[in-house]
Amino acid sequence: MTTNFLYQLNQHFPHSYAITLSAAKFELGLLSQISQTLASLHPAIRLLHQDTLVNELDWQANDTLAQAEQTSPVTTIRWIVTLESDSDISDLPQRVKQVAANNLYHVDINVMPLATLVRPHKLALFDMDSTLIEQEVIVELAKKAGIGEQVDTITESAMRGEIDFAESFTRRVALLKGLSSEVLEDIIANHITFSPGAKRLISALKNHGYYVVLVSGGFNYFAEYVKNSLGMDESYANDLDIVDNLVTGEITSAIVDGKRKAEILQAVAQRLGIKLSETVAVGDGANDLPMLGLADIGIAYRAKPIVRDQADYAVTVAGLDGVMTVLGLSDSC
């Protein structure tokens, strides 16, 4: 389906929504359950168009590809829906989200205004740890320092939003004091893995003209590696202070926390002449919520419950390339 076709649908049916469904497989019983759920929310909802964005043939070549280049082994269907009457369905996204969380947890269901889907988007920001990569780098550093459990506990508490990110970051970095800088290279070589579909997603975004930025509460050493490996445009992260090849445990620059991530989104957009209504943000932790809320499309990726609850959109069943289907993107223009 072309963008022009969707644009025409939006012109003729201005109060329409795109409902994107992703699951390991869609049996008729599951589709019937979803249809009945939608009908119970708004009985007069009408299906305008249906297309399949991902099918089983799309991921048959996965065995020959690196994980970051693979297509998630899911089936993704998109319904374009509207109401024939003038009834208001502006509450549809939130109502579907609530029902899905309770009854359809094994399906990614995202409901987006069609006007948002067809609007051009030009800037995308991504968290790094547990988003672009599968690890939390500071946890990997802590394991090398023999304090893994201590740091992991603080990290998880921060990701759930139980303690302030800046405080948790300062406490975790202090525990790394005396760690040899030689472990940084070892972590990159042996302990960093990219999220499923990460490279496929970034390549698709670049093919569609996006400017892509990494914003991380982790460290610049790793952020630069991830940025360069995936072909991103910029990266922002924290400095890891090292003196005489040893980590000092001190914070020597402003911490990239949730507030700072949102500021970076706004600053980069302004510098590039891009409206906030043309921006996308993706992350998994509580410190990503400010940028997810500021961006036009904020997507929680395999996120903590507090983040899934507050983000407008979420990808949990699919890999990171599931973001492509939320945005309605193919691999190439």
# chains A, B, ... in the order shown; residues from 1 in each chain; ligands from 1

$ residues_around --residues "Phe165 in chain A" --least-positions-apart "3" --cutoff "7 Å" --atoms "only C-alpha atoms" --output "list in words"
Ala158, Ser168, Phe169, Asp257 and Asn287 of chain A

$ write_last_selection --atoms "all heavy atoms" --output "compact mmCIF listing (two decimals), in the first residue's frame"
# COMPACT_ATOMS: atom_id res chain seq x y z
N ALA A 158 15.95 1.96 39.18
CA ALA A 158 15.88 3.20 38.39
C ALA A 158 15.02 3.03 37.16
O ALA A 158 14.22 3.91 36.81
CB ALA A 158 17.29 3.63 37.99
N SER A 168 20.76 7.33 40.94
CA SER A 168 21.15 5.94 40.73
C SER A 168 22.42 5.85 39.90
O SER A 168 23.29 5.00 40.16
CB SER A 168 20.03 5.17 40.02
OG SER A 168 19.89 5.57 38.67
N PHE A 169 22.55 6.73 38.91
CA PHE A 169 23.74 6.73 38.06
C PHE A 169 24.99 7.06 38.88
O PHE A 169 26.03 6.41 38.77
CB PHE A 169 23.57 7.73 36.92
CG PHE A 169 24.71 7.75 35.94
CD1 PHE A 169 24.84 6.76 34.98
CD2 PHE A 169 25.66 8.76 35.98
CE1 PHE A 169 25.88 6.77 34.07
CE2 PHE A 169 26.71 8.79 35.08
CZ PHE A 169 26.83 7.79 34.12
N ASP A 257 20.17 12.35 31.66
CA ASP A 257 19.03 11.71 32.30
C ASP A 257 17.79 11.94 31.44
O ASP A 257 17.88 12.38 30.29
CB ASP A 257 18.84 12.26 33.72
CG ASP A 257 18.67 13.78 33.75
OD1 ASP A 257 18.58 14.41 32.66
OD2 ASP A 257 18.62 14.35 34.86
N ASN A 287 13.59 6.69 32.43
CA ASN A 287 14.28 7.90 32.03
C ASN A 287 14.08 8.24 30.56
O ASN A 287 14.54 9.28 30.08
CB ASN A 287 15.78 7.81 32.36
CG ASN A 287 16.50 6.76 31.54
OD1 ASN A 287 15.97 5.68 31.30
ND2 ASN A 287 17.71 7.07 31.09

$ select_by_dssp --residues "range 34-250 of chain A" --states "alpha helix (DSSP H)" --output "ChimeraX atom specification"
/A:34-41,92-103,114-118,137-145,148-159,165-175,182-190,198-207,220-230

$ atom_distance --atom1 "CA of Arg302 in chain A" --atom2 "CA of Val317 in chain A"
7.8 Å

$ residues_around --residues "Thr82 in chain A" --least-positions-apart "4" --cutoff "10 Å" --atoms "only C-alpha atoms" --output "list in words"
Asn10, Phe13, Pro14, His15, Ser16, Tyr17, Ala18, Ala44, Ile45, Arg46, Leu47, Leu48, His49, Asp86, Ser87, Ile89 and Leu114 of chain A

$ write_last_selection --atoms "N, CA and C atoms" --output "compact mmCIF listing (two decimals), in the first residue's frame"
# COMPACT_ATOMS: atom_id res chain seq x y z
N ASN A 10 -7.14 9.22 4.37
CA ASN A 10 -7.22 10.19 5.45
C ASN A 10 -8.02 11.42 5.03
N PHE A 13 -11.68 10.16 4.99
CA PHE A 13 -12.15 9.70 6.30
C PHE A 13 -11.22 10.27 7.38
N PRO A 14 -11.39 11.56 7.71
CA PRO A 14 -10.42 12.27 8.56
C PRO A 14 -10.34 11.79 10.01
N HIS A 15 -11.30 10.96 10.45
CA HIS A 15 -11.27 10.48 11.83
C HIS A 15 -10.96 8.98 11.88
N SER A 16 -10.05 8.57 11.00
CA SER A 16 -9.70 7.15 10.89
C SER A 16 -8.48 6.82 11.73
N TYR A 17 -8.31 5.52 11.98
CA TYR A 17 -7.17 5.03 12.75
C TYR A 17 -6.53 3.85 12.05
N ALA A 18 -5.21 3.72 12.23
CA ALA A 18 -4.49 2.53 11.79
C ALA A 18 -4.26 1.65 13.02
N ALA A 44 -19.89 0.44 16.06
CA ALA A 44 -20.07 0.95 14.70
C ALA A 44 -18.76 1.13 13.94
N ILE A 45 -17.65 0.66 14.49
CA ILE A 45 -16.38 0.77 13.79
C ILE A 45 -16.46 0.02 12.46
N ARG A 46 -15.97 0.67 11.41
CA ARG A 46 -16.00 0.05 10.08
C ARG A 46 -14.58 -0.14 9.55
N LEU A 47 -14.32 -1.28 8.97
CA LEU A 47 -13.01 -1.58 8.38
C LEU A 47 -12.95 -0.99 6.97
N LEU A 48 -12.01 -0.09 6.74
CA LEU A 48 -11.83 0.51 5.42
C LEU A 48 -10.84 -0.27 4.56
N HIS A 49 -9.82 -0.78 5.21
CA HIS A 49 -8.78 -1.48 4.44
C HIS A 49 -7.98 -2.38 5.37
N ASP A 86 -20.98 10.21 13.06
CA ASP A 86 -20.11 11.28 13.57
C ASP A 86 -19.67 11.01 15.00
N SER A 87 -19.90 9.80 15.47
CA SER A 87 -19.53 9.46 16.85
C SER A 87 -18.04 9.66 17.08
N ILE A 89 -14.51 8.72 18.32
CA ILE A 89 -13.73 7.54 18.70
C ILE A 89 -12.31 7.95 19.11
N LEU A 114 -4.78 7.95 11.74
CA LEU A 114 -4.25 7.86 10.38
C LEU A 114 -3.54 9.14 9.99

$ select_by_dssp --residues "range 24-239 of chain A" --states "strand (DSSP E)" --output "number ranges by chain"
A: 45-54, 75-83, 108-113, 123-126, 211-219, 234-238

$ residues_around --residues "range 308-312 of chain A" --least-positions-apart "6" --cutoff "10 Å" --atoms "only C-alpha atoms" --output "list in words"
Pro93, Gln94, Lys97, Gln98, Ala101, Asn110, Val111, Met112, Val282, Gly283, Asp284, Gly285, Ala286, Asp288, Leu289, Pro290, Leu292, Gly293, Asp296, Ile297, Gly298, Ile299, Ala300, Tyr301 and Arg302 of chain A

$ write_last_selection --atoms "C-alpha atoms" --output "compact mmCIF listing (two decimals), in the first residue's frame"
# COMPACT_ATOMS: atom_id res chain seq x y z
CA PRO A 93 -6.33 4.14 21.38
CA GLN A 94 -6.48 4.31 25.16
CA LYS A 97 -4.55 -0.33 25.13
CA GLN A 98 -6.31 -1.04 28.43
CA ALA A 101 -2.95 -5.20 28.48
CA ASN A 110 -0.97 -0.19 18.37
CA VAL A 111 -3.72 2.26 17.47
CA MET A 112 -2.54 5.41 15.70
CA VAL A 282 12.08 4.87 21.18
CA GLY A 283 13.18 3.62 24.60
CA ASP A 284 12.54 1.13 27.39
CA GLY A 285 13.19 2.81 30.75
CA ALA A 286 11.58 5.40 32.99
CA ASP A 288 13.05 7.67 28.43
CA LEU A 289 9.53 8.85 29.26
CA PRO A 290 10.23 12.59 28.84
CA LEU A 292 8.70 9.59 24.47
CA GLY A 293 6.15 12.12 25.64
CA ASP A 296 5.07 13.00 18.06
CA ILE A 297 5.39 9.20 18.13
CA GLY A 298 6.82 7.73 21.34
CA ILE A 299 7.37 3.98 21.29
CA ALA A 300 8.18 1.79 24.30
CA TYR A 301 10.38 -1.15 23.28
CA ARG A 302 10.20 -4.29 25.46

$ closest_residue --among "A:Pro73, A:Leu41, A:Tyr105, A:Leu125" --to "Leu92 in chain A" --atoms "only C-alpha atoms"
A:Leu41

$ atom_distance --atom1 "CA of Val280 in chain A" --atom2 "CA of Lys122 in chain A"
8.1 Å

$ atom_distance --atom1 "CA of Met291 in chain A" --atom2 "CA of Lys259 in chain A"
7.9 Å

$ residues_around --residues "Gln60 in chain A" --least-positions-apart "6" --cutoff "12 Å" --atoms "only C-alpha atoms" --output "PDB file with N, CA and C atoms, in the first residue's frame"
ATOM      1  N   VAL A  54       3.864  -7.875   7.484  1.00  0.00           N
ATOM      2  CA  VAL A  54       4.906  -8.897   7.633  1.00  0.00           C
ATOM      3  C   VAL A  54       4.230 -10.264   7.586  1.00  0.00           C
ATOM      4  N   GLN A  70      17.873  -9.276  10.992  1.00  0.00           N
ATOM      5  CA  GLN A  70      16.752 -10.179  10.753  1.00  0.00           C
ATOM      6  C   GLN A  70      15.403  -9.469  10.816  1.00  0.00           C
ATOM      7  N   THR A  71      14.419 -10.117  10.186  1.00  0.00           N
ATOM      8  CA  THR A  71      13.028  -9.709  10.305  1.00  0.00           C
ATOM      9  C   THR A  71      12.399 -10.520  11.438  1.00  0.00           C
ATOM     10  N   SER A  72      11.758  -9.839  12.350  1.00  0.00           N
ATOM     11  CA  SER A  72      11.163 -10.542  13.486  1.00  0.00           C
ATOM     12  C   SER A  72      10.195 -11.626  13.014  1.00  0.00           C
ATOM     13  N   PRO A  73      10.258 -12.822  13.609  1.00  0.00           N
ATOM     14  CA  PRO A  73       9.389 -13.925  13.194  1.00  0.00           C
ATOM     15  C   PRO A  73       7.960 -13.749  13.725  1.00  0.00           C
ATOM     16  N   VAL A  74       7.305 -12.743  13.215  1.00  0.00           N
ATOM     17  CA  VAL A  74       5.914 -12.462  13.575  1.00  0.00           C
ATOM     18  C   VAL A  74       5.120 -12.227  12.296  1.00  0.00           C
TER      19      VAL A  74
END

$ residues_around --residues "Arg200 in chain A" --least-positions-apart "6" --cutoff "9 Å" --atoms "only C-alpha atoms" --output "list in words"
Ala68, Glu69, Gln70, Thr71, Leu230, Leu320, Asp321 and Asp331 of chain A

$ closest_residue --among "A:Ser253, A:Thr248, A:Ser203, A:Asn4" --to "Gly231 in chain A" --atoms "only C-alpha atoms"
A:Ser203

$ residues_around --residues "Asn220 in chain A" --least-positions-apart "5" --cutoff "9 Å" --atoms "only C-alpha atoms" --output "PDB file with N, CA and C atoms, in the first residue's frame"
ATOM      1  N   TYR A 225      30.512   3.341  19.562  1.00  0.00           N
ATOM      2  CA  TYR A 225      30.611   2.045  18.890  1.00  0.00           C
ATOM      3  C   TYR A 225      29.260   1.644  18.299  1.00  0.00           C
ATOM      4  N   SER A 235      25.450  10.728  18.477  1.00  0.00           N
ATOM      5  CA  SER A 235      25.216  10.055  19.754  1.00  0.00           C
ATOM      6  C   SER A 235      25.495  11.008  20.905  1.00  0.00           C
ATOM      7  N   TYR A 236      24.726  10.858  21.965  1.00  0.00           N
ATOM      8  CA  TYR A 236      24.898  11.634  23.202  1.00  0.00           C
ATOM      9  C   TYR A 236      24.879  10.651  24.364  1.00  0.00           C
ATOM     10  N   ALA A 237      25.879  10.719  25.233  1.00  0.00           N
ATOM     11  CA  ALA A 237      25.941   9.826  26.384  1.00  0.00           C
ATOM     12  C   ALA A 237      26.837  10.472  27.440  1.00  0.00           C
ATOM     13  N   ASN A 238      27.125   9.724  28.503  1.00  0.00           N
ATOM     14  CA  ASN A 238      27.916  10.243  29.613  1.00  0.00           C
ATOM     15  C   ASN A 238      29.397   9.893  29.450  1.00  0.00           C
ATOM     16  N   ASP A 239      30.244  10.742  29.989  1.00  0.00           N
ATOM     17  CA  ASP A 239      31.680  10.457  30.023  1.00  0.00           C
ATOM     18  C   ASP A 239      31.989   9.507  31.180  1.00  0.00           C
ATOM     19  N   LEU A 240      32.856   8.542  30.924  1.00  0.00           N
ATOM     20  CA  LEU A 240      33.346   7.659  31.988  1.00  0.00           C
ATOM     21  C   LEU A 240      34.742   8.149  32.342  1.00  0.00           C
TER      22      LEU A 240
END
